[in-house]
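To start, the structure itself, in structure tokens.
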Amino acid sequence: MRRVLNVLLVVLLTMLPIVVYGKTVIDFWNLFTGPDGQVMEELVKEFNASQNEIEVRMQILPWGDPYYNKLLLSIQTGTAPDVAICHSWNLLVFAKYDRLFPLSPRTLEKGGVNKGDFLEYPLTAGKYKGVTYGLPLDLLTLGVYYNVDHFKSAGIDPSKVILNRENFIDAAKKLQLKDDKGEIIRWGFAPISGDLWRYWYSLLYQFNGTFLTKDGSKSAFNTESGLKALQFLVDLQNANLIPPTAIDAATAFRTGKCSMTISGTWMRRGFEEQKDLNYMTAPFPFIGPKKAVMGASHLLVLPKKKNRDKIEAAGKFIEWLTSNQIKWTMNAGNCPTRKSVINSDTFKKSQKHQAFISQVNYLAWLPQVEQFLPIQSRMGQELNAVYNRQKTVVQALNDLEIYVNDILTRPIGEVGR
């Protein structure tokens, strides 16, 4: 009898994670390791308090390979979360190999899709072969962060900042400060080393280039366009307008040791936490003959599981998040993908968002190919090698071309099937 009671106790304990006071418990995985993770945690708490049917448990995993590898493994072993975040450029790894549940017509309707409320491309980026597998939580792009007080002291009107090649270079010169010995104590512009590949990708399209061929089978960047895009960054370095080697530019900007930096919408929350930082934002500089800047989205997806018993609850959570997109936007910093939010008074009053959303009609979206995560990592390595004077522009682009063309022949998504 005692043995039977012990077995029953074990069974009851294993059921505890599934039901909490009669609620359906769903697991939500994401890779929001920065301040945006705190925002999402607050939203999950708000959702849990808003109703009595569903309890969401959120887990934040390391960004990049660790996150996606664990997500793939969880699907393979039957331990996947009920809802997960997937970058738009990585959807193919999951959708192509039947690793996601398609979103139900109810979720699409309640989530605002059927009303035509989403921007076209972010919504398209959540589809594979015409089937919607992910709803775009936000829009990710780049812009200039600049110190208003520094601009004023340098005689630059901070209310009229539209940067092209000429005035971007001019501003970088005027904003730079030196001590009595001629040593630079404040940089006019300092690039964030982790974003160098994003700068180059954006400039590649500004110079009328493209990253891959139309069918996505080969690289297309090792051209005059790619050379010009990367050479611009090298020219800034040669002119002593950016630090000679990579520095922690985000911290330098926060603490007033550089006047401008370029990064994504995701940096806003961190900069807002610096109470004495009087900053504003501007669109990505127009260096080439064509307007272009990198674009991507975080998608909300439903990882494939052996049963569908929680899919309705997971759908309701996704519906709630997209319906409350304004809260994610205003607190995490990323731009909205719903037109009703973009046109709302609350969003329009957020001046620091406007520089980013103003670029929506000329975004150069990151390509949806299975291998883009390792490609992205290699881009970062090659561009940092150029910045640290370990490779020339030509060497870096040649080496990147060889790598990309090789890896595109390998169907990475097959791993773990």
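Following the order of the structure tokens, chains are lettered A, B, ..., residues in each are numbered from 1, and ligands are numbered from 1.
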- [ ] as a VMD selection string, please: all residues of range 232-368 of chain A that backbone DSSP puts in alpha helix (DSSP H).
- [x] chain A and resid 232 to 238 249 to 254 268 to 272 311 to 323 325 to 332 339 to 342 345 to 348 351 to 357
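The shell of residues at most 8 Å from Ala80 in chain A, with only C-alpha atoms counted and near chain neighbours (fewer than 3 positions) removed, consists of A:Leu71, A:Ser74, A:Ile75, A:Thr77, A:Pro303, A:Lys304, A:Lys305.
Here the question is which of A:Asn167, A:Trp197, A:Leu400, A:Thr24 gets nearest to Ala220 in chain A using only C-alpha atoms, and that residue is A:Leu400.
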Residues near Phe372 in chain A, anyone? I mean within 10 Å using only C-alpha atoms, not counting same-chain ones fewer than 3 positions away, as a PDB file with N, CA and C atoms, in the first residue's frame.
ATOM      1  N   TRP A  89      14.737  35.866 -40.052  1.00  0.00           N
ATOM      2  CA  TRP A  89      15.699  35.253 -40.952  1.00  0.00           C
ATOM      3  C   TRP A  89      15.956  33.786 -40.643  1.00  0.00           C
ATOM      4  N   ASN A  90      15.482  33.296 -39.497  1.00  0.00           N
ATOM      5  CA  ASN A  90      15.734  31.905 -39.120  1.00  0.00           C
ATOM      6  C   ASN A  90      14.483  31.030 -39.210  1.00  0.00           C
ATOM      7  N   LEU A  92      13.029  29.654 -41.678  1.00  0.00           N
ATOM      8  CA  LEU A  92      13.142  28.547 -42.625  1.00  0.00           C
ATOM      9  C   LEU A  92      13.634  27.267 -41.961  1.00  0.00           C
ATOM     10  N   VAL A  93      14.561  27.383 -41.002  1.00  0.00           N
ATOM     11  CA  VAL A  93      15.107  26.218 -40.319  1.00  0.00           C
ATOM     12  C   VAL A  93      14.005  25.416 -39.628  1.00  0.00           C
ATOM     13  N   LEU A 366      17.006  41.021 -43.910  1.00  0.00           N
ATOM     14  CA  LEU A 366      17.982  39.937 -43.834  1.00  0.00           C
ATOM     15  C   LEU A 366      17.408  38.711 -44.527  1.00  0.00           C
ATOM     16  N   PRO A 367      18.205  38.019 -45.330  1.00  0.00           N
ATOM     17  CA  PRO A 367      17.678  36.932 -46.150  1.00  0.00           C
ATOM     18  C   PRO A 367      17.227  35.731 -45.333  1.00  0.00           C
ATOM     19  N   GLN A 368      16.185  35.074 -45.797  1.00  0.00           N
ATOM     20  CA  GLN A 368      15.710  33.850 -45.152  1.00  0.00           C
ATOM     21  C   GLN A 368      16.361  32.648 -45.833  1.00  0.00           C
ATOM     22  N   VAL A 369      17.486  32.248 -45.311  1.00  0.00           N
ATOM     23  CA  VAL A 369      18.167  31.034 -45.743  1.00  0.00           C
ATOM     24  C   VAL A 369      18.515  30.243 -44.486  1.00  0.00           C
ATOM     25  N   ILE A 375      26.351  32.324 -41.083  1.00  0.00           N
ATOM     26  CA  ILE A 375      26.810  33.359 -42.012  1.00  0.00           C
ATOM     27  C   ILE A 375      26.954  34.691 -41.272  1.00  0.00           C
ATOM     28  N   GLN A 376      25.966  34.992 -40.458  1.00  0.00           N
ATOM     29  CA  GLN A 376      25.985  36.221 -39.668  1.00  0.00           C
ATOM     30  C   GLN A 376      27.205  36.256 -38.758  1.00  0.00           C
ATOM     31  N   SER A 377      27.500  35.138 -38.119  1.00  0.00           N
ATOM     32  CA  SER A 377      28.654  35.055 -37.235  1.00  0.00           C
ATOM     33  C   SER A 377      29.954  35.277 -38.010  1.00  0.00           C
ATOM     34  N   ARG A 378      30.044  34.674 -39.198  1.00  0.00           N
ATOM     35  CA  ARG A 378      31.263  34.824 -40.009  1.00  0.00           C
ATOM     36  C   ARG A 378      31.402  36.257 -40.531  1.00  0.00           C
ATOM     37  N   VAL A 404      30.555  31.679 -47.541  1.00  0.00           N
ATOM     38  CA  VAL A 404      29.115  31.722 -47.794  1.00  0.00           C
ATOM     39  C   VAL A 404      28.731  30.752 -48.913  1.00  0.00           C
ATOM     40  N   ILE A 407      28.897  27.158 -47.471  1.00  0.00           N
ATOM     41  CA  ILE A 407      27.885  26.772 -46.470  1.00  0.00           C
ATOM     42  C   ILE A 407      26.472  26.744 -47.064  1.00  0.00           C
ATOM     43  N   LEU A 408      26.244  27.532 -48.113  1.00  0.00           N
ATOM     44  CA  LEU A 408      24.922  27.522 -48.746  1.00  0.00           C
ATOM     45  C   LEU A 408      24.611  26.192 -49.428  1.00  0.00           C
ATOM     46  N   ILE A 412      21.517  22.948 -43.515  1.00  0.00           N
ATOM     47  CA  ILE A 412      21.726  22.906 -42.071  1.00  0.00           C
ATOM     48  C   ILE A 412      20.465  22.473 -41.336  1.00  0.00           C
TER      49      ILE A 412
END
request  = Just the residues within 10 Å of range 326-329 of chain A, please, counting only C-alpha atoms, with nothing from its chain fewer than 4 positions along; format it as a list in words.
outcome  =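 Here the answer would be Asp36, Val39, Met40, Glu42, Leu43, Leu137, Asp138, Leu139, Thr265, Trp266, Leu321, Thr322, Gly333, Asn334, Cys335, Pro336, Thr337, Arg338, Ser340, Val341, Ile342, Ser344, Thr346, Phe347, Ser350 and His353 of chain A.
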Separating CA of Asp406 in chain A from CA of His87 in chain A, to the nearest tenth of an Å, is a gap of 23.0 Å
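Within the 12 Å cut-off around Asp157 in chain A, using only C-alpha atoms and omitting residues fewer than 6 positions from it on the same chain, the listed residues are Tyr146, Asn147, Val148, Asp149, His150, Phe151, Asn167, Ala171 and Met280 of chain A.
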| task | Rank A:Pro283, A:Gly295, A:Gly116, A:Pro35 by their smallest atom-to-atom distance to Val161 in chain A, using only C-alpha atoms, and report the top residue only. | result |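 Looking at the shortest contact to Val161 in chain A, the residue is A:Pro283.
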Of the listed residues A:Tyr68, A:Trp320, A:Trp187, A:Phe211, that which approaches Pro243 in chain A most closely, counting only C-alpha atoms: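 Counting only C-alpha atoms, the residue closest to Pro243 in chain A is A:Trp187.
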Å distance separating CA of Gly288 in chain A from CA of Ala252 in chain A, one decimal place =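 One can read the CA of Gly288 in chain A to CA of Ala252 in chain A distance as 27.2 Å.
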Expressed in Å, the length from CA of Ala296 in chain A to CA of Leu163 in chain A is 22.4 Å
Open item on the list: Give me, as a ChimeraX atom specification, all polymer residues having an atom no more than 12 Å from Lys129 in chain A, counting only C-alpha atoms and skipping those fewer than 6 positions away in the same chain.
Closed with: /A:91-92,95-96,98,102
Note to self: Residues near Phe28 in chain A, anyone? I mean within 6 Å using only C-alpha atoms, not counting same-chain ones fewer than 2 positions away, as a PyMOL selection string.
What the structure shows: chain A and resi 57-58+81+83-84
Write out the residues from the selection above, keeping N, CA and C atoms, as a compact mmCIF listing (two decimals), in the first residue's frame.
# COMPACT_ATOMS: atom_id res chain seq x y z
N ARG A 57 4.96 30.44 -18.27
CA ARG A 57 6.28 30.39 -17.63
C ARG A 57 7.31 30.77 -18.68
N MET A 58 8.05 31.81 -18.38
CA MET A 58 9.01 32.33 -19.36
C MET A 58 10.44 31.91 -19.00
N PRO A 81 9.04 24.13 -25.89
CA PRO A 81 8.10 25.07 -25.27
C PRO A 81 6.86 25.20 -26.13
N VAL A 83 5.37 28.21 -26.82
CA VAL A 83 5.54 29.44 -27.61
C VAL A 83 7.02 29.78 -27.59
N ALA A 84 7.54 30.29 -28.70
CA ALA A 84 8.95 30.67 -28.75
C ALA A 84 9.12 31.88 -29.66
